[in-house]
Every structure is written in structure tokens, then in C-alpha cells.
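Report on the structure given below.
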Amino acid sequence: MTEKINENETQPVWLNPEQLYQKFNIAMPTQAKYRMEKKIPYHKIGSKIFYKLSEINQWIDSAKVN
């Protein structure tokens, strides 16, 4: 059974590690370190790593220093 996607709903934006580096300048080794230390939100499908853009934006916002 397939679900019909509402045309008004926005689909989440997913980034791979290279795209995360290009967009936020977080080096690949730093990404790996943050994943091992569970400091950065990520998703893993098989051996592939993905970052949900909205979660990364929230993660960056939560690191705000006043």
C-alpha cells in the first residue's frame, strides 16, 4: 500500500557527509568524531550516513553562546 503525499507538505532535506561539509564547512574527520561522540544528529542506512538539514540547523542553534 502506498500513501499519497500531500502536495502542500514539504519533504525533509537530506545531506550526505560531503554536502554537510560544503554547506557548513564541517570537515569529514570532524563529522566522524562528532558521530562517534554522539554530538551530531545523523541517520545511517546500511553503511551510508545522512544528515537531516532541519536537525542540523537545530543542533547549530542549540550551540548558541549568549
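How things are named: the first chain in the C-alpha cells is A, the next is B, and so on; residues count from 1 in each chain; ligands count from 1 in the order shown.
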
Residues near A:Lys44, anyone? I mean within 12 Å using only C-alpha atoms, not counting same-chain ones fewer than 6 positions away, as an mmCIF file with C-alpha atoms, in the first residue's frame.
```cif
data_model
loop_
_atom_site.group_PDB
_atom_site.id
_atom_site.type_symbol
_atom_site.label_atom_id
_atom_site.label_comp_id
_atom_site.auth_asym_id
_atom_site.auth_seq_id
_atom_site.Cartn_x
_atom_site.Cartn_y
_atom_site.Cartn_z
ATOM 1 C CA TRP A 14 18.855 15.120 3.490
ATOM 2 C CA LEU A 15 22.588 15.764 3.190
ATOM 3 C CA ASN A 16 25.406 13.284 2.801
ATOM 4 C CA PRO A 17 28.724 13.991 4.590
ATOM 5 C CA ARG A 35 29.175 10.891 15.299
ATOM 6 C CA PHE A 50 22.765 11.041 6.144
ATOM 7 C CA TYR A 51 22.063 14.275 7.959
ATOM 8 C CA LYS A 52 18.600 15.822 8.089
#
```

>> Which of stretch 9-47 of chain A end up as strand (DSSP E) when DSSP is run on this backbone - answer as a count of residues only?
In response: 5

>> So that I can see what lies close to stretch 22-29 of chain A, please list as JSON, numbers by chain the residues with an atom at most 12 Å from it, counting only C-alpha atoms and leaving out residues fewer than 2 positions away in the same chain.
In response: {"A": [14, 15, 16, 17, 18, 19, 20, 31, 32, 33, 34, 35, 36, 40, 49, 51, 53, 56, 57, 60]}

>> Quick check, in Å to one decimal: how far apart do atom CA of A:Tyr42 and atom CA of A:Ser54 lie?
In response: 11.1 Å

>> Based on the backbone DSSP call, show me all residues of chain A assigned helix (DSSP H, G or I), as a list in words.
In response: Pro17, Glu18, Gln19, Leu20, Tyr21, Gln22, Lys23, Phe24, Met28, Pro29, Thr30, Gln31, Ala32, Lys33, Tyr34, Arg35, Met36, Leu53, Ser54, Glu55, Ile56, Asn57, Gln58, Trp59, Ile60, Asp61 and Ser62 of chain A

> At what distance in Å, to one decimal, does atom CA of A:Lys48 lie from atom CA of A:Ser62?
Replying inline: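 Atom-to-atom, atom CA of A:Ser62 to atom CA of A:Lys48, that is 25.6 Å.
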
>> If I take atom CA of A:Ala63 and atom CA of A:Lys39, how far is one from the other in Å, to one decimal?
In response: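 Interatomic distance here is 10.9 Å.
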